[in-house]
file run09.cif (mmCIF, C-alpha atoms, pLDDT in the B column; chains and numbers go by the auth columns)
data_start
#
loop_
_atom_site.group_PDB
_atom_site.id
_atom_site.type_symbol
_atom_site.label_atom_id
_atom_site.label_comp_id
_atom_site.label_asym_id
_atom_site.label_seq_id
_atom_site.Cartn_x
_atom_site.Cartn_y
_atom_site.Cartn_z
_atom_site.B_iso_or_equiv
_atom_site.auth_seq_id
_atom_site.auth_asym_id
ATOM 1 C CA MET A 1 136.334 184.314 261.339 84.00 25 C
ATOM 2 C CA ASN A 2 137.173 180.855 262.560 94.00 26 C
ATOM 3 C CA LYS A 3 140.543 179.551 263.608 98.00 27 C
ATOM 4 C CA ILE A 4 142.382 177.736 260.806 98.00 28 C
ATOM 5 C CA ASP A 5 144.898 175.174 262.039 98.00 29 C
ATOM 6 C CA ILE A 6 147.488 174.523 259.347 98.00 30 C
ATOM 7 C CA ASP A 7 148.662 171.112 260.538 98.00 31 C
ATOM 8 C CA GLU A 8 145.081 169.959 260.934 98.00 32 C
ATOM 9 C CA LYS A 9 144.384 170.965 257.342 98.00 33 C
ATOM 10 C CA LEU A 10 147.585 169.270 256.140 98.00 34 C
ATOM 11 C CA SER A 11 146.451 166.022 257.801 98.00 35 C
ATOM 12 C CA LEU A 12 143.392 165.937 255.542 98.00 36 C
ATOM 13 C CA PHE A 13 145.234 165.120 252.331 98.00 37 C
ATOM 14 C CA ASP A 14 148.251 163.191 251.094 97.00 38 C
ATOM 15 C CA ASP A 15 148.487 163.863 247.380 96.00 39 C
ATOM 16 C CA HIS A 16 151.251 165.961 245.884 97.00 40 C
ATOM 17 C CA TRP A 17 150.991 169.091 243.741 96.00 41 C
ATOM 18 C CA SER A 18 147.291 169.444 244.531 96.00 42 C
ATOM 19 C CA PRO A 19 146.741 172.701 246.420 96.00 43 C
ATOM 20 C CA ARG A 20 143.955 172.974 248.972 97.00 44 C
ATOM 21 C CA ILE A 21 142.401 176.373 249.626 97.00 45 C
ATOM 22 C CA VAL A 22 142.026 177.246 253.305 98.00 46 C
ATOM 23 C CA ALA A 23 141.262 180.981 253.245 98.00 47 C
ATOM 24 C CA GLU A 24 140.497 183.944 250.988 97.00 48 C
ATOM 25 C CA LEU A 25 141.217 187.613 251.520 97.00 49 C
ATOM 26 C CA ASN A 26 141.171 190.597 249.167 97.00 50 C
ATOM 27 C CA GLY A 27 140.874 188.378 246.108 97.00 51 C
ATOM 28 C CA GLN A 28 143.839 186.241 247.129 97.00 52 C
ATOM 29 C CA GLU A 29 143.641 182.611 248.162 97.00 53 C
ATOM 30 C CA VAL A 30 145.729 180.938 250.841 98.00 54 C
ATOM 31 C CA LYS A 31 146.564 177.415 249.722 98.00 55 C
ATOM 32 C CA LEU A 32 148.352 174.489 251.310 98.00 56 C
ATOM 33 C CA ALA A 33 150.140 171.917 249.187 98.00 57 C
ATOM 34 C CA LYS A 34 152.500 168.994 249.519 98.00 58 C
ATOM 35 C CA PHE A 35 155.384 168.901 247.074 98.00 59 C
ATOM 36 C CA HIS A 36 157.394 165.820 246.138 98.00 60 C
ATOM 37 C CA GLY A 37 159.493 165.487 243.022 97.00 61 C
ATOM 38 C CA ALA A 38 159.755 168.076 240.267 97.00 62 C
ATOM 39 C CA PHE A 39 156.833 170.190 239.067 96.00 63 C
ATOM 40 C CA ASP A 40 156.439 171.580 235.541 94.00 64 C
ATOM 41 C CA TRP A 41 158.345 174.647 234.374 96.00 65 C
ATOM 42 C CA HIS A 42 155.834 177.472 234.058 95.00 66 C
ATOM 43 C CA ALA A 43 155.133 181.160 234.601 95.00 67 C
ATOM 44 C CA HIS A 44 152.018 183.156 235.478 95.00 68 C
ATOM 45 C CA ALA A 45 151.609 186.128 233.160 94.00 69 C
ATOM 46 C CA ASP A 46 149.801 188.416 235.584 95.00 70 C
ATOM 47 C CA GLU A 47 150.069 186.906 239.054 96.00 71 C
ATOM 48 C CA ASP A 48 152.736 187.016 241.733 97.00 72 C
ATOM 49 C CA GLU A 49 152.976 183.933 243.939 97.00 73 C
ATOM 50 C CA MET A 50 154.273 183.556 247.484 98.00 74 C
ATOM 51 C CA PHE A 51 155.628 180.283 248.873 98.00 75 C
ATOM 52 C CA LEU A 52 156.245 179.713 252.600 98.00 76 C
ATOM 53 C CA VAL A 53 157.732 176.397 253.739 98.00 77 C
ATOM 54 C CA LEU A 54 155.890 174.766 256.645 98.00 78 C
ATOM 55 C CA HIS A 55 157.623 171.382 256.835 98.00 79 C
ATOM 56 C CA GLY A 56 160.536 169.907 254.886 98.00 80 C
ATOM 57 C CA THR A 57 162.513 171.734 252.238 98.00 81 C
ATOM 58 C CA PHE A 58 162.220 172.438 248.536 98.00 82 C
ATOM 59 C CA THR A 59 164.155 174.262 245.884 98.00 83 C
ATOM 60 C CA MET A 60 162.608 176.919 243.665 98.00 84 C
ATOM 61 C CA GLU A 61 164.426 176.639 240.376 98.00 85 C
ATOM 62 C CA PHE A 62 164.659 179.633 238.059 98.00 86 C
ATOM 63 C CA ARG A 63 166.249 179.529 234.612 97.00 87 C
ATOM 64 C CA ASP A 64 169.445 181.118 235.907 96.00 88 C
ATOM 65 C CA ARG A 65 169.653 180.047 239.549 97.00 89 C
ATOM 66 C CA SER A 66 167.821 178.291 242.351 98.00 90 C
ATOM 67 C CA VAL A 67 166.789 179.028 245.938 98.00 91 C
ATOM 68 C CA THR A 68 166.418 176.312 248.583 98.00 92 C
ATOM 69 C CA LEU A 69 163.895 177.006 251.327 98.00 93 C
ATOM 70 C CA ALA A 70 163.524 175.461 254.798 98.00 94 C
ATOM 71 C CA PRO A 71 160.665 175.861 257.309 98.00 95 C
ATOM 72 C CA GLY A 72 160.032 179.507 258.144 98.00 96 C
ATOM 73 C CA GLN A 73 161.546 180.675 254.866 98.00 97 C
ATOM 74 C CA MET A 74 159.577 182.148 251.976 98.00 98 C
ATOM 75 C CA ILE A 75 159.936 183.589 248.509 98.00 99 C
ATOM 76 C CA VAL A 76 157.811 185.656 246.155 98.00 100 C
ATOM 77 C CA VAL A 77 157.914 184.681 242.484 98.00 101 C
ATOM 78 C CA PRO A 78 156.932 187.760 240.454 97.00 102 C
ATOM 79 C CA LYS A 79 154.537 187.491 237.544 97.00 103 C
ATOM 80 C CA GLY A 80 156.136 186.459 234.302 97.00 104 C
ATOM 81 C CA VAL A 81 159.101 184.668 235.857 97.00 105 C
ATOM 82 C CA GLU A 82 159.585 181.037 234.864 97.00 106 C
ATOM 83 C CA HIS A 83 159.965 178.756 237.837 97.00 107 C
ATOM 84 C CA ARG A 84 159.823 175.120 238.861 97.00 108 C
ATOM 85 C CA PRO A 85 159.550 173.865 242.454 98.00 109 C
ATOM 86 C CA VAL A 86 161.499 170.673 243.175 98.00 110 C
ATOM 87 C CA ALA A 87 161.307 168.690 246.430 98.00 111 C
ATOM 88 C CA GLU A 88 163.626 165.729 246.908 98.00 112 C
ATOM 89 C CA THR A 89 161.559 164.651 249.906 97.00 113 C
ATOM 90 C CA GLU A 90 158.014 165.630 250.791 98.00 114 C
ATOM 91 C CA CYS A 91 157.596 169.285 251.675 98.00 115 C
ATOM 92 C CA ALA A 92 154.512 171.131 252.962 98.00 116 C
ATOM 93 C CA VAL A 93 154.060 174.663 251.656 98.00 117 C
ATOM 94 C CA MET A 94 151.677 177.581 252.098 98.00 118 C
ATOM 95 C CA MET A 95 151.020 179.566 248.936 98.00 119 C
ATOM 96 C CA ILE A 96 149.314 182.918 248.511 97.00 120 C
ATOM 97 C CA GLU A 97 148.165 183.915 245.049 96.00 121 C
ATOM 98 C CA PRO A 98 145.160 185.435 243.268 96.00 122 C
ATOM 99 C CA ALA A 99 141.952 183.421 243.491 94.00 123 C
ATOM 100 C CA GLY A 100 141.477 181.126 240.540 89.00 124 C
ATOM 101 C CA LEU A 101 145.157 180.890 239.618 91.00 125 C
ATOM 102 C CA VAL A 102 146.000 177.787 237.587 89.00 126 C
ATOM 103 C CA ASN A 103 148.983 176.035 239.165 91.00 127 C
ATOM 104 C CA THR A 104 150.665 175.138 235.880 91.00 128 C
ATOM 105 C CA GLY A 105 150.377 178.702 234.552 91.00 129 C
ATOM 106 C CA ASP A 106 151.329 178.960 230.897 90.00 130 C
ATOM 107 C CA ALA A 107 152.575 175.367 230.652 90.00 131 C
ATOM 108 C CA GLU A 108 150.632 172.780 228.709 88.00 132 C
ATOM 109 C CA ARG A 109 147.746 171.437 230.804 89.00 133 C
ATOM 110 C CA SER A 110 148.523 168.162 232.549 89.00 134 C
ATOM 111 C CA ASP A 111 146.784 165.869 235.023 87.00 135 C
ATOM 112 C CA ARG A 112 148.277 168.088 237.700 88.00 136 C
ATOM 113 C CA THR A 113 146.601 171.237 236.386 92.00 137 C
ATOM 114 C CA THR A 114 144.180 172.676 238.940 91.00 138 C
ATOM 115 C CA THR A 115 142.966 175.860 240.565 91.00 139 C
ATOM 116 C CA GLY A 116 142.837 174.067 243.915 91.00 140 C
ATOM 117 C CA LYS A 117 139.848 173.098 246.007 92.00 141 C
ATOM 118 C CA TRP A 118 138.567 174.215 249.392 95.00 142 C
ATOM 119 C CA ILE A 119 139.027 172.085 252.465 94.00 143 C
ATOM 120 C CA MET B 1 163.249 186.555 244.242 84.00 13 B
ATOM 121 C CA ASN B 2 165.428 186.207 247.294 94.00 14 B
ATOM 122 C CA LYS B 3 164.893 183.940 250.251 98.00 15 B
ATOM 123 C CA ILE B 4 163.118 185.643 253.149 98.00 16 B
ATOM 124 C CA ASP B 5 163.878 184.083 256.529 98.00 17 B
ATOM 125 C CA ILE B 6 161.118 184.940 258.978 98.00 18 B
ATOM 126 C CA ASP B 7 163.083 184.406 262.208 98.00 19 B
ATOM 127 C CA GLU B 8 165.982 186.425 260.845 98.00 20 B
ATOM 128 C CA LYS B 9 163.601 189.296 260.090 98.00 21 B
ATOM 129 C CA LEU B 10 162.004 188.982 263.534 98.00 22 B
ATOM 130 C CA SER B 11 165.449 189.305 265.143 98.00 23 B
ATOM 131 C CA LEU B 12 165.817 192.778 263.618 98.00 24 B
ATOM 132 C CA PHE B 13 163.258 194.507 265.815 98.00 25 B
ATOM 133 C CA ASP B 14 161.851 194.388 269.323 97.00 26 B
ATOM 134 C CA ASP B 15 159.078 196.948 269.448 96.00 27 B
ATOM 135 C CA HIS B 16 155.443 195.939 269.707 97.00 28 B
ATOM 136 C CA TRP B 17 152.534 196.782 267.407 96.00 29 B
ATOM 137 C CA SER B 18 154.904 198.111 264.752 96.00 30 B
ATOM 138 C CA PRO B 19 154.584 195.941 261.631 96.00 31 B
ATOM 139 C CA ARG B 20 157.576 195.415 259.373 97.00 32 B
ATOM 140 C CA ILE B 21 156.974 194.734 255.689 97.00 33 B
ATOM 141 C CA VAL B 22 158.972 191.803 254.287 98.00 34 B
ATOM 142 C CA ALA B 23 157.296 191.134 250.926 98.00 35 B
ATOM 143 C CA GLU B 24 154.715 192.414 248.459 97.00 36 B
ATOM 144 C CA LEU B 25 152.607 190.485 245.991 97.00 37 B
ATOM 145 C CA ASN B 26 149.554 191.400 243.958 97.00 38 B
ATOM 146 C CA GLY B 27 149.043 194.631 245.894 97.00 39 B
ATOM 147 C CA GLN B 28 149.189 192.852 249.254 97.00 40 B
ATOM 148 C CA GLU B 29 151.938 193.272 251.804 97.00 41 B
ATOM 149 C CA VAL B 30 153.338 190.557 254.036 98.00 42 B
ATOM 150 C CA LYS B 31 154.127 192.041 257.428 98.00 43 B
ATOM 151 C CA LEU B 32 155.712 190.715 260.588 98.00 44 B
ATOM 152 C CA ALA B 33 154.818 192.157 263.972 98.00 45 B
ATOM 153 C CA LYS B 34 155.299 191.497 267.654 98.00 46 B
ATOM 154 C CA PHE B 35 152.225 191.838 269.823 98.00 47 B
ATOM 155 C CA HIS B 36 152.203 192.397 273.583 98.00 48 B
ATOM 156 C CA GLY B 37 149.307 193.768 275.546 97.00 49 B
ATOM 157 C CA ALA B 38 146.031 194.969 274.063 97.00 50 B
ATOM 158 C CA PHE B 39 145.771 196.865 270.778 96.00 51 B
ATOM 159 C CA ASP B 40 143.063 199.389 269.933 94.00 52 B
ATOM 160 C CA TRP B 41 139.572 198.320 268.873 96.00 53 B
ATOM 161 C CA HIS B 42 139.225 199.079 265.172 95.00 54 B
ATOM 162 C CA ALA B 43 137.918 197.918 261.803 95.00 55 B
ATOM 163 C CA HIS B 44 139.114 198.330 258.211 95.00 56 B
ATOM 164 C CA ALA B 45 136.276 199.452 255.976 94.00 57 B
ATOM 165 C CA ASP B 46 137.509 197.857 252.759 95.00 58 B
ATOM 166 C CA GLU B 47 140.331 195.488 253.650 96.00 59 B
ATOM 167 C CA ASP B 48 140.434 191.898 254.837 97.00 60 B
ATOM 168 C CA GLU B 49 143.359 190.999 257.091 97.00 61 B
ATOM 169 C CA MET B 50 145.028 187.653 257.710 98.00 62 B
ATOM 170 C CA PHE B 51 146.924 186.842 260.909 98.00 63 B
ATOM 171 C CA LEU B 52 149.185 183.771 261.234 98.00 64 B
ATOM 172 C CA VAL B 53 150.877 183.082 264.569 98.00 65 B
ATOM 173 C CA LEU B 54 154.605 182.334 264.332 98.00 66 B
ATOM 174 C CA HIS B 55 155.620 182.269 267.996 98.00 67 B
ATOM 175 C CA GLY B 56 153.570 182.621 271.189 98.00 68 B
ATOM 176 C CA THR B 57 149.830 183.035 271.341 98.00 69 B
ATOM 177 C CA PHE B 58 147.332 185.860 271.095 98.00 70 B
ATOM 178 C CA THR B 59 143.593 186.291 271.226 98.00 71 B
ATOM 179 C CA MET B 60 141.638 188.060 268.519 98.00 72 B
ATOM 180 C CA GLU B 61 138.733 189.688 270.279 98.00 73 B
ATOM 181 C CA PHE B 62 135.545 190.458 268.409 98.00 74 B
ATOM 182 C CA ARG B 63 132.596 192.294 269.921 97.00 75 B
ATOM 183 C CA ASP B 64 130.701 189.054 270.493 96.00 76 B
ATOM 184 C CA ARG B 65 133.422 186.423 270.958 97.00 77 B
ATOM 185 C CA SER B 66 137.141 185.793 270.831 98.00 78 B
ATOM 186 C CA VAL B 67 139.511 183.348 269.149 98.00 79 B
ATOM 187 C CA THR B 68 142.862 182.326 270.670 98.00 80 B
ATOM 188 C CA LEU B 69 145.597 181.368 268.211 98.00 81 B
ATOM 189 C CA ALA B 70 148.791 179.350 268.730 98.00 82 B
ATOM 190 C CA PRO B 71 151.733 178.853 266.335 98.00 83 B
ATOM 191 C CA GLY B 72 150.586 177.449 263.004 98.00 84 B
ATOM 192 C CA GLN B 73 147.068 178.799 263.463 98.00 85 B
ATOM 193 C CA MET B 74 145.584 181.671 261.489 98.00 86 B
ATOM 194 C CA ILE B 75 142.446 183.729 261.060 98.00 87 B
ATOM 195 C CA VAL B 76 141.049 186.089 258.438 98.00 88 B
ATOM 196 C CA VAL B 77 139.265 189.181 259.743 98.00 89 B
ATOM 197 C CA PRO B 78 136.883 190.361 257.012 97.00 90 B
ATOM 198 C CA LYS B 79 136.584 194.021 256.139 97.00 91 B
ATOM 199 C CA GLY B 80 134.245 195.975 258.351 97.00 92 B
ATOM 200 C CA VAL B 81 134.517 193.681 261.363 97.00 93 B
ATOM 201 C CA GLU B 82 135.638 195.301 264.604 97.00 94 B
ATOM 202 C CA HIS B 83 138.516 193.486 266.240 97.00 95 B
ATOM 203 C CA ARG B 84 141.246 193.875 268.831 97.00 96 B
ATOM 204 C CA PRO B 85 144.297 191.626 269.162 98.00 97 B
ATOM 205 C CA VAL B 86 145.410 190.960 272.736 98.00 98 B
ATOM 206 C CA ALA B 87 148.619 189.137 273.723 98.00 99 B
ATOM 207 C CA GLU B 88 149.246 188.390 277.397 98.00 100 B
ATOM 208 C CA THR B 89 152.842 187.537 276.568 97.00 101 B
ATOM 209 C CA GLU B 90 154.839 188.494 273.499 98.00 102 B
ATOM 210 C CA CYS B 91 153.611 186.938 270.283 98.00 103 B
ATOM 211 C CA ALA B 92 155.114 187.069 266.777 98.00 104 B
ATOM 212 C CA VAL B 93 152.614 187.255 263.934 98.00 105 B
ATOM 213 C CA MET B 94 152.605 187.318 260.128 98.00 106 B
ATOM 214 C CA MET B 95 149.946 189.540 258.608 98.00 107 B
ATOM 215 C CA ILE B 96 148.796 189.798 255.024 97.00 108 B
ATOM 216 C CA GLU B 97 146.753 192.801 253.996 96.00 109 B
ATOM 217 C CA PRO B 98 146.500 195.372 251.195 96.00 110 B
ATOM 218 C CA ALA B 99 149.547 197.583 250.732 94.00 111 B
ATOM 219 C CA GLY B 100 149.266 200.837 252.634 89.00 112 B
ATOM 220 C CA LEU B 101 146.765 199.597 255.198 91.00 113 B
ATOM 221 C CA VAL B 102 146.749 201.651 258.396 89.00 114 B
ATOM 222 C CA ASN B 103 147.016 199.344 261.391 92.00 115 B
ATOM 223 C CA THR B 104 144.543 201.233 263.548 91.00 116 B
ATOM 224 C CA GLY B 105 141.912 201.315 260.781 91.00 117 B
ATOM 225 C CA ASP B 106 138.975 203.558 261.645 90.00 118 B
ATOM 226 C CA ALA B 107 140.098 204.162 265.226 90.00 119 B
ATOM 227 C CA GLU B 108 141.427 207.550 266.271 88.00 120 B
ATOM 228 C CA ARG B 109 145.078 207.914 265.283 89.00 121 B
ATOM 229 C CA SER B 110 147.533 207.149 268.081 89.00 122 B
ATOM 230 C CA ASP B 111 151.285 206.875 268.455 87.00 123 B
ATOM 231 C CA ARG B 112 150.879 203.282 267.306 88.00 124 B
ATOM 232 C CA THR B 113 149.281 204.266 264.008 92.00 125 B
ATOM 233 C CA THR B 114 151.429 203.173 261.063 91.00 126 B
ATOM 234 C CA THR B 115 151.346 201.602 257.635 91.00 127 B
ATOM 235 C CA GLY B 116 154.476 199.605 258.493 91.00 128 B
ATOM 236 C CA LYS B 117 157.987 199.948 257.138 92.00 129 B
ATOM 237 C CA TRP B 118 160.181 197.683 255.026 95.00 130 B
ATOM 238 C CA ILE B 119 162.984 195.697 256.571 94.00 131 B
#

call {"tool": "encode", "arguments": {"input": "run09.cif", "output": "structure tokens"}}
result
Amino acid sequence: MNKIDIDEKLSLFDDHWSPRIVAELNGQEVKLAKFHGAFDWHAHADEDEMFLVLHGTFTMEFRDRSVTLAPGQMIVVPKGVEHRPVAETECAVMMIEPAGLVNTGDAERSDRTTTGKWI
Amino acid sequence: MNKIDIDEKLSLFDDHWSPRIVAELNGQEVKLAKFHGAFDWHAHADEDEMFLVLHGTFTMEFRDRSVTLAPGQMIVVPKGVEHRPVAETECAVMMIEPAGLVNTGDAERSDRTTTGKWI
């Protein structure tokens, strides 16, 4: 029940595609991440994911279209839907998803694969 | 899988303590609300609630202390914990909580009692 300051948490890390967990509620985790470049195409079989842009912009690519998001804009990617976030410049994002979710979903594991870590 | 613009959604309503649902994921709802004044003391027996300030400030009062939140700051109120949000001036807040949650929790029902409605 402490105050969580998003920008303060964002100042604690610089690496891209490496979500940091800042809160948990009802089995969901609230994660912060910095995007830059293109992530791997993947889907999550059983988990919906929410993305809210905090700073910068990124594009959520789907197989048939794409959605570009600016600060204060969000999207929910339903379970089973292939997606790939792409950020031409660095973008800070809040994500909400079930605890323990693997960021690369059903894609082959890579050095980016993680469930996130608490900060 | 459409873009949700938070400020656009906030422009659609003016009433206080009346959450609007803007997204659903994994059984949780993402709600937007405008706070002004003091809400009712209450707790939710089985549901955690997250509050993220978008505009303005408010204070989450607990029985033994209080936490004041500004834009970009958030708090999770665990299930079972009595709380009361108080906003001296209007404050816009994002809330994440289980679908169907009643805003006044275990408090006596009032004309503010609602589970929110989609916009």

call {"tool": "residues_around", "arguments": {"input": "run09.cif", "residues": "Leu56 of chain C", "least_positions_apart": "3", "cutoff": "6 Å", "atoms": "all atoms listed in the file", "output": "PyMOL selection string"}}
result
chain C and resi 43-44+117-118

call {"tool": "residues_around", "arguments": {"input": "run09.cif", "residues": "segment 51-54 of chain B", "least_positions_apart": "4", "cutoff": "12 Å", "atoms": "only C-alpha atoms", "output": "NGL selection string"}}
result
:B and (28-30 or 46-47 or 70-75 or 89 or 91-100 or 114-125)

call {"tool": "resolve_selection", "arguments": {"input": "run09.cif", "expression": "the PyMOL selection byres ((chain B) within 8 of (chain C))", "output": "number ranges by chain"}}
result
B: 13-19, 35-38, 59-62, 79-81, 84-90, 109-110

call {"tool": "atom_distance", "arguments": {"input": "run09.cif", "atom1": "atom CA of Cys103 of chain B", "atom2": "atom CA of Val65 of chain B"}}
result
7.4 Å

call {"tool": "resolve_selection", "arguments": {"input": "run09.cif", "expression": "the PyMOL selection byres ((chain C and resi 141) around 7)", "output": "PDB file with C-alpha atoms, in the coordinates of the input"}}
result
ATOM      1  CA  PRO C  43     146.741 172.701 246.420  1.00 96.00           C
ATOM      2  CA  ARG C  44     143.955 172.974 248.972  1.00 97.00           C
ATOM      3  CA  ILE C  45     142.401 176.373 249.626  1.00 97.00           C
ATOM      4  CA  THR C 139     142.966 175.860 240.565  1.00 91.00           C
ATOM      5  CA  GLY C 140     142.837 174.067 243.915  1.00 91.00           C
ATOM      6  CA  TRP C 142     138.567 174.215 249.392  1.00 95.00           C
ATOM      7  CA  ILE C 143     139.027 172.085 252.465  1.00 94.00           C
TER       8      ILE C 143
END

call {"tool": "atom_distance", "arguments": {"input": "run09.cif", "atom1": "atom CA of Glu102 of chain B", "atom2": "atom CA of His48 of chain B"}}
result
4.7 Å

call {"tool": "closest_residue", "arguments": {"input": "run09.cif", "among": "B:Leu24, B:Phe63, B:Thr126, B:Ala45", "to": "Ala111 of chain B", "atoms": "only C-alpha atoms"}}
result
B:Thr126

call {"tool": "axis_aligned_box", "arguments": {"input": "run09.cif", "around": "segment 102-112 of chain B", "padding_each_side": "3 Å", "output": "lines of an AutoDock Vina configuration file"}}
result
center_x = 150.8
center_y = 193.9
center_z = 262.1
size_x = 14.6
size_y = 19.9
size_z = 28.8

call {"tool": "atom_distance", "arguments": {"input": "run09.cif", "atom1": "atom CA of Lys33 of chain C", "atom2": "atom CA of Ala67 of chain C"}}
result
27.1 Å

call {"tool": "closest_residue", "arguments": {"input": "run09.cif", "among": "B:Ser23, B:Met107, B:Thr101, B:Gly112", "to": "Thr69 of chain B", "atoms": "all atoms listed in the file"}}
result
B:Thr101

call {"tool": "decode", "arguments": {"input": "run09.cif", "residues": "segment 102-122 of chain C", "atoms": "N, CA and C atoms", "output": "compact mmCIF listing (two decimals), in the first residue's frame"}}
result
# COMPACT_ATOMS: atom_id res chain seq x y z
N PRO C 102 -5.77 -9.53 -27.31
CA PRO C 102 -6.41 -10.73 -26.76
C PRO C 102 -5.52 -11.97 -26.91
N LYS C 103 -5.76 -12.92 -26.03
CA LYS C 103 -5.03 -14.18 -26.10
C LYS C 103 -5.14 -14.78 -27.49
N GLY C 104 -4.05 -15.39 -27.92
CA GLY C 104 -4.06 -16.09 -29.19
C GLY C 104 -3.77 -15.24 -30.41
N VAL C 105 -3.68 -13.93 -30.24
CA VAL C 105 -3.48 -13.05 -31.39
C VAL C 105 -1.99 -12.74 -31.55
N GLU C 106 -1.47 -13.06 -32.73
CA GLU C 106 -0.06 -12.77 -33.00
C GLU C 106 0.17 -11.27 -33.05
N HIS C 107 1.25 -10.85 -32.44
CA HIS C 107 1.55 -9.42 -32.41
C HIS C 107 3.06 -9.21 -32.28
N ARG C 108 3.47 -8.00 -32.64
CA ARG C 108 4.88 -7.63 -32.55
C ARG C 108 4.96 -6.12 -32.31
N PRO C 109 5.43 -5.70 -31.13
CA PRO C 109 5.63 -4.27 -30.90
C PRO C 109 6.91 -3.78 -31.58
N VAL C 110 6.82 -2.61 -32.19
CA VAL C 110 7.96 -2.00 -32.89
C VAL C 110 8.04 -0.53 -32.47
N ALA C 111 9.22 -0.11 -32.03
CA ALA C 111 9.42 1.28 -31.62
C ALA C 111 10.60 1.85 -32.37
N GLU C 112 10.35 2.84 -33.21
CA GLU C 112 11.45 3.43 -33.99
C GLU C 112 12.40 4.20 -33.09
N THR C 113 11.83 4.85 -32.07
CA THR C 113 12.65 5.48 -31.04
C THR C 113 12.20 4.93 -29.70
N GLU C 114 12.99 5.17 -28.66
CA GLU C 114 12.66 4.55 -27.37
C GLU C 114 11.27 4.96 -26.89
N CYS C 115 10.59 4.01 -26.33
CA CYS C 115 9.21 4.19 -25.86
C CYS C 115 9.07 3.50 -24.51
N ALA C 116 8.45 4.18 -23.55
CA ALA C 116 8.21 3.57 -22.23
C ALA C 116 6.74 3.16 -22.14
N VAL C 117 6.52 1.94 -21.68
CA VAL C 117 5.20 1.32 -21.73
C VAL C 117 4.87 0.66 -20.39
N MET C 118 3.61 0.77 -19.99
CA MET C 118 3.09 -0.03 -18.88
C MET C 118 2.33 -1.21 -19.47
N MET C 119 2.58 -2.39 -18.93
CA MET C 119 1.87 -3.59 -19.38
C MET C 119 1.16 -4.22 -18.19
N ILE C 120 -0.01 -4.77 -18.45
CA ILE C 120 -0.72 -5.54 -17.43
C ILE C 120 -1.06 -6.88 -18.04
N GLU C 121 -0.70 -7.94 -17.31
CA GLU C 121 -0.82 -9.29 -17.85
C GLU C 121 -0.73 -10.27 -16.68
N PRO C 122 -1.14 -11.51 -16.88
CA PRO C 122 -1.10 -12.48 -15.77
C PRO C 122 0.32 -12.67 -15.24
